[in-house]
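Participant: Would you mind keeping the following structure in view while I ask a few things?
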Amino acid sequence: MNIKKNKFGKAILLGRTNVGKSTFLNKIMNKKISITSRKKNTTKSNIFGIHTKDKYQTIYIDTPGFQKNNKSFFNNNLIIKTIKLVQVIIFIIDRCKWTQYESYISNIINTNKIPVIVLINKIDLMKKKIIMLPFINFLKKKIKNAKEIVPISATKKINCEKIQNMVINLLPIKNHQFKKEQTHIFSLKFELSEIIREKIIRYVGDEIPLIVDVKIEFLNLKNKNTIYLIAIILVNNNGQKKIIIGKNGKKIKLIITISAQEIKKRLNKNVNLKLHVKIKKKNMI
């Protein structure tokens, strides 16, 4: 009799900004775990999604895009340290684009002996698919531990389930660390603040940098039908504050409305949401 044993492990999503890491995680999880937008650096910190399927439990770690200024890469130590804690690396590339970012990431990957699954994302947007095969051969030479190289579309969910099975095959035999119904590792306050931050990024426009922060100041869940929530939007200066508030308060009202709609959908409760915009203090973390 072939008795399946429990498997458990971590898979990290690597790639430059805006290649579709968060979208891929959400599709794998069949629910929204990580916020998304078309703007670069939307993800600010590691996001952990827990996927349990039968005897297999995987923690998918969505990472911020690697940062670079005009001279060099910087402030990527957290991602590099996290790589050493995982059992699988998922390296996501935007179509057949190979830049200095991909070179930098592949060099980091090649210093570890962790198995790699390479995903060529956004194939639904590729007009010249004839270049795919030469690019795959190029990747085989560039990435030493590449176990699989798979064309996918995260938005269309093409080949995403196949990737799940590939990850499972690479996981070690180990008992599960989380309950089957648990799907993420972050607090409700963090989840709510990320929902609001996503709406700011999407609807305020390019005038506001993605370093805007949202802090939950008050949260009351005691009422069975309504959640009461007060959040602070932290910006760098008075000019940014005016942009978020908008003329006659129209922009902040829009952010409140669309944020409340998503929170209501998530928690199945009516939402009483108030937002205040404040300028960050210099010593504020």
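Going by the structure tokens order, chains are called A, B, ..., each with residues numbered from 1, while ligands are numbered from 1 in the order shown.
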Just the residues within 9 Å of A:Phe8, please, counting only C-alpha atoms, with nothing from its chain fewer than 2 positions along; format it as a list in words.

Facilitator: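 The filter keeps Asn6, Lys10, Lys55, Tyr56, Gln57, Thr58, Ile59, Ile168, Leu171, Pro172, Ile173, Lys174, Asn175, His176 and Gln177 of chain A.
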
Participant: Taking 3 positions as the minimum chain separation for residues in the same chain, which residues sit within 10 Å of stretch 62-68 of chain A when counting only C-alpha atoms? Answer as a short mmCIF file (atom, residue, chain, number, x, y, z; two decimals) with N, CA, C and O atoms, in the first residue's frame.

Facilitator:
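Saved as out_32.cif:
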```cif
data_model
loop_
_atom_site.label_atom_id
_atom_site.label_comp_id
_atom_site.auth_asym_id
_atom_site.auth_seq_id
_atom_site.Cartn_x
_atom_site.Cartn_y
_atom_site.Cartn_z
N ALA A 11 8.44 28.20 -0.56
CA ALA A 11 8.84 28.56 -1.92
C ALA A 11 8.84 30.08 -2.02
O ALA A 11 7.84 30.73 -1.73
N ILE A 12 9.96 30.65 -2.43
CA ILE A 12 10.08 32.10 -2.53
C ILE A 12 9.90 32.57 -3.96
O ILE A 12 10.38 31.92 -4.91
N LEU A 13 9.17 33.66 -4.14
CA LEU A 13 8.96 34.24 -5.47
C LEU A 13 9.95 35.37 -5.66
O LEU A 13 9.94 36.35 -4.92
N LEU A 14 10.81 35.24 -6.66
CA LEU A 14 11.81 36.26 -6.95
C LEU A 14 11.59 36.85 -8.33
O LEU A 14 11.09 36.17 -9.24
N GLY A 15 12.00 38.09 -8.49
CA GLY A 15 11.90 38.74 -9.79
C GLY A 15 11.95 40.24 -9.61
O GLY A 15 11.75 40.75 -8.51
N ARG A 16 12.22 40.95 -10.68
CA ARG A 16 12.23 42.41 -10.58
C ARG A 16 10.81 42.91 -10.39
O ARG A 16 9.85 42.15 -10.47
N THR A 17 10.67 44.19 -10.16
CA THR A 17 9.35 44.76 -9.89
C THR A 17 8.43 44.61 -11.10
O THR A 17 8.87 44.65 -12.25
N ASN A 18 7.15 44.39 -10.79
CA ASN A 18 6.10 44.40 -11.82
C ASN A 18 6.20 43.25 -12.82
O ASN A 18 5.75 43.39 -13.96
N VAL A 19 6.77 42.11 -12.41
CA VAL A 19 6.80 40.95 -13.31
C VAL A 19 5.60 40.02 -13.08
O VAL A 19 5.40 39.07 -13.83
N LYS A 21 4.65 38.81 -9.65
CA LYS A 21 4.82 37.92 -8.49
C LYS A 21 3.55 37.87 -7.63
O LYS A 21 3.08 36.80 -7.25
N SER A 22 3.01 39.04 -7.32
CA SER A 22 1.82 39.10 -6.46
C SER A 22 0.60 38.50 -7.16
O SER A 22 -0.21 37.80 -6.53
N THR A 23 0.47 38.77 -8.44
CA THR A 23 -0.64 38.19 -9.21
C THR A 23 -0.54 36.67 -9.22
O THR A 23 -1.54 35.96 -9.04
N PHE A 24 0.67 36.15 -9.40
CA PHE A 24 0.89 34.70 -9.40
C PHE A 24 0.50 34.10 -8.05
O PHE A 24 -0.19 33.07 -7.99
N LEU A 25 0.94 34.75 -6.96
CA LEU A 25 0.59 34.25 -5.62
C LEU A 25 -0.92 34.20 -5.44
O LEU A 25 -1.46 33.21 -4.94
N ASN A 26 -1.61 35.25 -5.82
CA ASN A 26 -3.07 35.29 -5.67
C ASN A 26 -3.76 34.20 -6.47
O ASN A 26 -4.75 33.62 -6.02
N ILE A 33 -4.16 37.52 -1.63
CA ILE A 33 -3.26 37.54 -0.48
C ILE A 33 -2.38 38.78 -0.52
O ILE A 33 -2.15 39.44 0.48
N SER A 34 -1.90 39.12 -1.71
CA SER A 34 -0.96 40.23 -1.88
C SER A 34 -1.57 41.28 -2.79
O SER A 34 -2.21 40.95 -3.80
N LYS A 40 5.43 50.03 -10.10
CA LYS A 40 6.57 49.30 -9.55
C LYS A 40 6.60 49.42 -8.03
O LYS A 40 6.15 50.41 -7.46
N ASN A 41 7.17 48.38 -7.39
CA ASN A 41 7.41 48.37 -5.94
C ASN A 41 6.12 48.47 -5.12
O ASN A 41 6.11 49.05 -4.03
N THR A 42 5.03 47.90 -5.62
CA THR A 42 3.79 47.90 -4.86
C THR A 42 3.94 47.10 -3.57
O THR A 42 3.51 47.51 -2.50
N THR A 43 4.57 45.92 -3.66
CA THR A 43 4.82 45.10 -2.47
C THR A 43 5.98 45.68 -1.69
O THR A 43 7.06 45.88 -2.23
N LYS A 44 5.76 45.97 -0.40
CA LYS A 44 6.77 46.63 0.42
C LYS A 44 7.53 45.67 1.33
O LYS A 44 8.62 45.97 1.77
N SER A 45 6.92 44.53 1.65
CA SER A 45 7.56 43.57 2.56
C SER A 45 7.17 42.17 2.12
O SER A 45 6.29 41.99 1.28
N ASN A 46 7.84 41.18 2.68
CA ASN A 46 7.50 39.79 2.34
C ASN A 46 6.06 39.48 2.74
O ASN A 46 5.63 39.80 3.84
N ILE A 47 5.33 38.85 1.82
CA ILE A 47 3.96 38.43 2.08
C ILE A 47 3.92 36.90 2.03
O ILE A 47 4.43 36.29 1.09
N PHE A 48 3.31 36.27 3.04
CA PHE A 48 3.32 34.82 3.16
C PHE A 48 1.93 34.25 2.90
O PHE A 48 0.98 34.58 3.63
N GLY A 49 1.81 33.41 1.89
CA GLY A 49 0.57 32.71 1.63
C GLY A 49 0.73 31.23 1.92
O GLY A 49 1.72 30.61 1.49
N ILE A 59 4.36 27.16 1.93
CA ILE A 59 4.33 28.60 2.21
C ILE A 59 4.96 29.31 1.03
O ILE A 59 6.14 29.14 0.74
N LYS A 71 23.57 53.54 -9.72
CA LYS A 71 24.90 52.92 -9.64
C LYS A 71 24.87 51.44 -9.27
O LYS A 71 25.61 50.64 -9.83
N SER A 72 24.02 51.08 -8.33
CA SER A 72 24.10 49.69 -7.85
C SER A 72 22.80 49.25 -7.19
O SER A 72 21.90 50.07 -6.92
N PHE A 73 22.70 47.95 -6.91
CA PHE A 73 21.57 47.39 -6.17
C PHE A 73 21.78 47.66 -4.68
O PHE A 73 22.92 47.69 -4.19
N PHE A 74 20.67 47.85 -3.95
CA PHE A 74 20.79 48.19 -2.54
C PHE A 74 19.56 47.70 -1.77
O PHE A 74 18.53 47.39 -2.34
N ASN A 75 19.72 47.61 -0.45
CA ASN A 75 18.61 47.34 0.47
C ASN A 75 17.87 46.04 0.13
O ASN A 75 16.66 45.95 0.29
N ASN A 76 18.61 45.02 -0.31
CA ASN A 76 17.99 43.75 -0.69
C ASN A 76 18.37 42.61 0.25
O ASN A 76 18.16 41.44 -0.06
N ASN A 77 18.92 42.96 1.41
CA ASN A 77 19.43 41.95 2.34
C ASN A 77 18.34 41.02 2.87
O ASN A 77 18.57 39.82 3.07
N LEU A 78 17.14 41.58 3.11
CA LEU A 78 16.05 40.75 3.65
C LEU A 78 15.69 39.64 2.66
O LEU A 78 15.50 38.48 3.05
N ILE A 79 15.61 39.98 1.39
CA ILE A 79 15.28 38.97 0.37
C ILE A 79 16.38 37.91 0.31
O ILE A 79 16.10 36.71 0.28
N ILE A 80 17.63 38.36 0.32
CA ILE A 80 18.75 37.42 0.22
C ILE A 80 18.78 36.48 1.42
O ILE A 80 19.03 35.27 1.29
N THR A 82 16.16 35.61 3.23
CA THR A 82 14.98 34.74 3.14
C THR A 82 15.24 33.57 2.21
O THR A 82 14.76 32.46 2.44
N ILE A 90 11.20 30.24 -6.95
CA ILE A 90 10.42 30.47 -8.17
C ILE A 90 10.87 31.81 -8.73
O ILE A 90 10.60 32.87 -8.15
N GLN A 100 19.61 43.80 -16.46
CA GLN A 100 20.60 43.72 -15.39
C GLN A 100 19.98 43.22 -14.08
O GLN A 100 20.66 42.65 -13.24
N TYR A 101 18.65 43.40 -13.93
CA TYR A 101 17.96 42.88 -12.76
C TYR A 101 17.98 41.35 -12.77
O TYR A 101 18.30 40.71 -11.75
N GLU A 102 17.64 40.77 -13.91
CA GLU A 102 17.64 39.30 -14.01
C GLU A 102 19.05 38.74 -13.82
O GLU A 102 19.24 37.69 -13.19
N TYR A 104 21.42 40.08 -12.00
CA TYR A 104 21.71 40.21 -10.58
C TYR A 104 21.04 39.10 -9.77
O TYR A 104 21.65 38.45 -8.92
N ILE A 105 19.76 38.85 -10.06
CA ILE A 105 19.00 37.83 -9.33
C ILE A 105 19.55 36.44 -9.63
O ILE A 105 19.70 35.61 -8.72
#
```

Participant: Work out how far apart atom CA of A:Asn145 and atom CA of A:Lys84 are and give it in Å to one decimal.

Facilitator: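 Interatomic distance, atom CA of A:Asn145 to atom CA of A:Lys84: 14.5 Å.
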
Participant: Could you write out, as a ChimeraX atom specification, all the residues of stretch 63-168 of chain A that DSSP marks as strand (DSSP E or B)?

Facilitator: /A:67-68,73-74,88-94,116-121,146-151,153,158

Participant: Output the selection as a PDB file, in the first residue's frame - N, CA and C atoms for each residue.

Facilitator:
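File result.pdb, as written:
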```pdb
ATOM      1  N   GLN A  67      15.739  46.357  -5.473  1.00  0.00           N
ATOM      2  CA  GLN A  67      15.898  47.801  -5.634  1.00  0.00           C
ATOM      3  C   GLN A  67      17.277  48.159  -6.187  1.00  0.00           C
ATOM      4  N   LYS A  68      17.280  49.189  -7.027  1.00  0.00           N
ATOM      5  CA  LYS A  68      18.520  49.628  -7.657  1.00  0.00           C
ATOM      6  C   LYS A  68      18.453  51.132  -7.906  1.00  0.00           C
ATOM      7  N   PHE A  73      22.701  47.952  -6.911  1.00  0.00           N
ATOM      8  CA  PHE A  73      21.573  47.395  -6.167  1.00  0.00           C
ATOM      9  C   PHE A  73      21.781  47.657  -4.683  1.00  0.00           C
ATOM     10  N   PHE A  74      20.670  47.855  -3.948  1.00  0.00           N
ATOM     11  CA  PHE A  74      20.793  48.190  -2.537  1.00  0.00           C
ATOM     12  C   PHE A  74      19.564  47.700  -1.765  1.00  0.00           C
ATOM     13  N   VAL A  88      12.459  25.889  -2.204  1.00  0.00           N
ATOM     14  CA  VAL A  88      12.235  26.071  -3.647  1.00  0.00           C
ATOM     15  C   VAL A  88      12.305  27.555  -3.984  1.00  0.00           C
ATOM     16  N   ILE A  89      12.961  27.875  -5.093  1.00  0.00           N
ATOM     17  CA  ILE A  89      12.970  29.244  -5.622  1.00  0.00           C
ATOM     18  C   ILE A  89      12.122  29.280  -6.893  1.00  0.00           C
ATOM     19  N   ILE A  90      11.196  30.237  -6.950  1.00  0.00           N
ATOM     20  CA  ILE A  90      10.423  30.466  -8.167  1.00  0.00           C
ATOM     21  C   ILE A  90      10.866  31.812  -8.730  1.00  0.00           C
ATOM     22  N   PHE A  91      11.568  31.762  -9.837  1.00  0.00           N
ATOM     23  CA  PHE A  91      12.140  32.954 -10.465  1.00  0.00           C
ATOM     24  C   PHE A  91      11.218  33.369 -11.616  1.00  0.00           C
ATOM     25  N   ILE A  92      10.582  34.533 -11.475  1.00  0.00           N
ATOM     26  CA  ILE A  92       9.596  34.977 -12.456  1.00  0.00           C
ATOM     27  C   ILE A  92      10.198  36.058 -13.348  1.00  0.00           C
ATOM     28  N   ILE A  93      10.047  35.854 -14.653  1.00  0.00           N
ATOM     29  CA  ILE A  93      10.599  36.771 -15.652  1.00  0.00           C
ATOM     30  C   ILE A  93       9.460  37.288 -16.525  1.00  0.00           C
ATOM     31  N   ASP A  94       9.507  38.545 -16.872  1.00  0.00           N
ATOM     32  CA  ASP A  94       8.498  39.174 -17.724  1.00  0.00           C
ATOM     33  C   ASP A  94       8.803  38.855 -19.187  1.00  0.00           C
ATOM     34  N   VAL A 116      15.383  25.470  -8.555  1.00  0.00           N
ATOM     35  CA  VAL A 116      14.723  26.650  -9.105  1.00  0.00           C
ATOM     36  C   VAL A 116      13.690  26.259 -10.161  1.00  0.00           C
ATOM     37  N   ILE A 117      12.525  26.883 -10.080  1.00  0.00           N
ATOM     38  CA  ILE A 117      11.532  26.798 -11.144  1.00  0.00           C
ATOM     39  C   ILE A 117      11.466  28.185 -11.782  1.00  0.00           C
ATOM     40  N   VAL A 118      11.755  28.263 -13.063  1.00  0.00           N
ATOM     41  CA  VAL A 118      11.756  29.544 -13.766  1.00  0.00           C
ATOM     42  C   VAL A 118      10.433  29.691 -14.515  1.00  0.00           C
ATOM     43  N   LEU A 119       9.767  30.828 -14.298  1.00  0.00           N
ATOM     44  CA  LEU A 119       8.497  31.098 -14.966  1.00  0.00           C
ATOM     45  C   LEU A 119       8.653  32.259 -15.938  1.00  0.00           C
ATOM     46  N   ILE A 120       8.325  32.021 -17.175  1.00  0.00           N
ATOM     47  CA  ILE A 120       8.291  33.097 -18.166  1.00  0.00           C
ATOM     48  C   ILE A 120       6.852  33.591 -18.205  1.00  0.00           C
ATOM     49  N   ASN A 121       6.591  34.694 -17.529  1.00  0.00           N
ATOM     50  CA  ASN A 121       5.227  35.178 -17.329  1.00  0.00           C
ATOM     51  C   ASN A 121       4.766  36.097 -18.466  1.00  0.00           C
ATOM     52  N   ALA A 146      18.152  25.209 -12.339  1.00  0.00           N
ATOM     53  CA  ALA A 146      16.802  25.262 -12.912  1.00  0.00           C
ATOM     54  C   ALA A 146      16.286  23.847 -13.169  1.00  0.00           C
ATOM     55  N   LYS A 147      15.246  23.453 -12.412  1.00  0.00           N
ATOM     56  CA  LYS A 147      14.633  22.134 -12.584  1.00  0.00           C
ATOM     57  C   LYS A 147      13.568  22.158 -13.681  1.00  0.00           C
ATOM     58  N   GLU A 148      12.881  23.298 -13.772  1.00  0.00           N
ATOM     59  CA  GLU A 148      11.828  23.454 -14.777  1.00  0.00           C
ATOM     60  C   GLU A 148      11.855  24.891 -15.280  1.00  0.00           C
ATOM     61  N   ILE A 149      11.546  25.072 -16.558  1.00  0.00           N
ATOM     62  CA  ILE A 149      11.356  26.399 -17.141  1.00  0.00           C
ATOM     63  C   ILE A 149      10.005  26.372 -17.852  1.00  0.00           C
ATOM     64  N   VAL A 150       9.071  27.180 -17.343  1.00  0.00           N
ATOM     65  CA  VAL A 150       7.681  27.052 -17.789  1.00  0.00           C
ATOM     66  C   VAL A 150       7.114  28.400 -18.227  1.00  0.00           C
ATOM     67  N   PRO A 151       6.582  28.487 -19.448  1.00  0.00           N
ATOM     68  CA  PRO A 151       5.843  29.690 -19.859  1.00  0.00           C
ATOM     69  C   PRO A 151       4.477  29.707 -19.175  1.00  0.00           C
ATOM     70  N   SER A 153       0.920  32.407 -17.832  1.00  0.00           N
ATOM     71  CA  SER A 153       0.246  33.704 -17.716  1.00  0.00           C
ATOM     72  C   SER A 153      -0.462  33.705 -16.368  1.00  0.00           C
ATOM     73  N   ILE A 158      -2.756  30.486 -16.752  1.00  0.00           N
ATOM     74  CA  ILE A 158      -2.230  29.447 -17.640  1.00  0.00           C
ATOM     75  C   ILE A 158      -1.017  28.786 -16.980  1.00  0.00           C
TER      76      ILE A 158
END
```

Participant: What lies within 9 Å of A:Ile200 using only C-alpha atoms, ignoring chain neighbours under 6 positions off, as a ChimeraX atom specification?

Facilitator: /A:208,212,244,252,255

Participant: Excluding same-chain residues fewer than 5 positions from A:Asn268, what lies within 12 Å of it counting only C-alpha atoms, as a PyMOL selection string?

Facilitator: chain A and resi 221+224-227+260-263

Participant: Since we have the selection now, will you write its residues out, keeping N, CA, C and O atoms, as a short mmCIF file (atom, residue, chain, number, x, y, z; two decimals), in the first residue's frame?

Facilitator:
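Saved file part05.cif follows:
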```cif
data_model
loop_
_atom_site.label_atom_id
_atom_site.label_comp_id
_atom_site.auth_asym_id
_atom_site.auth_seq_id
_atom_site.Cartn_x
_atom_site.Cartn_y
_atom_site.Cartn_z
N LEU A 221 -14.42 45.07 16.20
CA LEU A 221 -15.14 43.98 15.52
C LEU A 221 -16.28 43.43 16.38
O LEU A 221 -16.87 42.41 16.03
N LYS A 224 -21.77 42.57 15.49
CA LYS A 224 -21.92 41.42 14.58
C LYS A 224 -22.07 41.83 13.13
O LYS A 224 -21.67 41.10 12.22
N ASN A 225 -22.64 43.00 12.90
CA ASN A 225 -22.98 43.40 11.54
C ASN A 225 -22.05 44.45 10.94
O ASN A 225 -22.00 44.62 9.73
N THR A 226 -21.31 45.17 11.78
CA THR A 226 -20.52 46.29 11.29
C THR A 226 -19.13 46.31 11.90
O THR A 226 -18.96 46.06 13.09
N ILE A 227 -18.13 46.59 11.06
CA ILE A 227 -16.77 46.79 11.54
C ILE A 227 -16.50 48.30 11.56
O ILE A 227 -16.80 49.01 10.60
N ALA A 260 -13.78 50.45 1.63
CA ALA A 260 -14.87 49.87 2.43
C ALA A 260 -15.56 48.75 1.68
O ALA A 260 -15.95 47.73 2.26
N GLN A 261 -15.70 48.91 0.36
CA GLN A 261 -16.35 47.87 -0.45
C GLN A 261 -15.56 46.57 -0.41
O GLN A 261 -16.14 45.48 -0.26
N GLU A 262 -14.23 46.66 -0.53
CA GLU A 262 -13.43 45.43 -0.51
C GLU A 262 -13.37 44.83 0.88
O GLU A 262 -13.43 43.60 1.04
N ILE A 263 -13.26 45.66 1.91
CA ILE A 263 -13.24 45.15 3.28
C ILE A 263 -14.56 44.44 3.60
O ILE A 263 -14.58 43.38 4.24
#
```

Participant: May I have the residues within 8 Å of A:Lys241 as a VMD selection string, using only C-alpha atoms and disregarding those fewer than 3 positions away in the same chain?

Facilitator: chain A and resid 235 237 to 238 244 to 245 277 to 279

Participant: Please produce a file of those selected residues containing N, CA and C atoms, as a compact mmCIF listing (two decimals), in the first residue's frame.

Facilitator:
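Contents of result17.txt, freshly written:
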```
# COMPACT_ATOMS: atom_id res chain seq x y z
N VAL A 235 2.03 60.46 4.86
CA VAL A 235 2.72 60.95 3.66
C VAL A 235 3.94 61.77 4.07
N ASN A 237 4.87 64.97 2.92
CA ASN A 237 4.78 66.43 2.98
C ASN A 237 3.35 66.89 2.75
N ASN A 238 3.15 68.19 2.89
CA ASN A 238 1.81 68.77 2.78
C ASN A 238 1.27 68.68 1.36
N ILE A 244 -3.84 63.51 -1.90
CA ILE A 244 -4.67 62.38 -1.45
C ILE A 244 -6.06 62.85 -1.05
N ILE A 245 -6.14 63.99 -0.41
CA ILE A 245 -7.46 64.51 -0.02
C ILE A 245 -8.25 64.93 -1.26
N VAL A 277 -5.33 61.86 6.91
CA VAL A 277 -4.03 61.98 6.26
C VAL A 277 -3.12 62.83 7.14
N LYS A 278 -1.95 62.26 7.47
CA LYS A 278 -1.01 62.99 8.31
C LYS A 278 0.39 62.94 7.69
N ILE A 279 1.19 63.93 8.02
CA ILE A 279 2.57 63.98 7.55
C ILE A 279 3.45 63.20 8.52
```
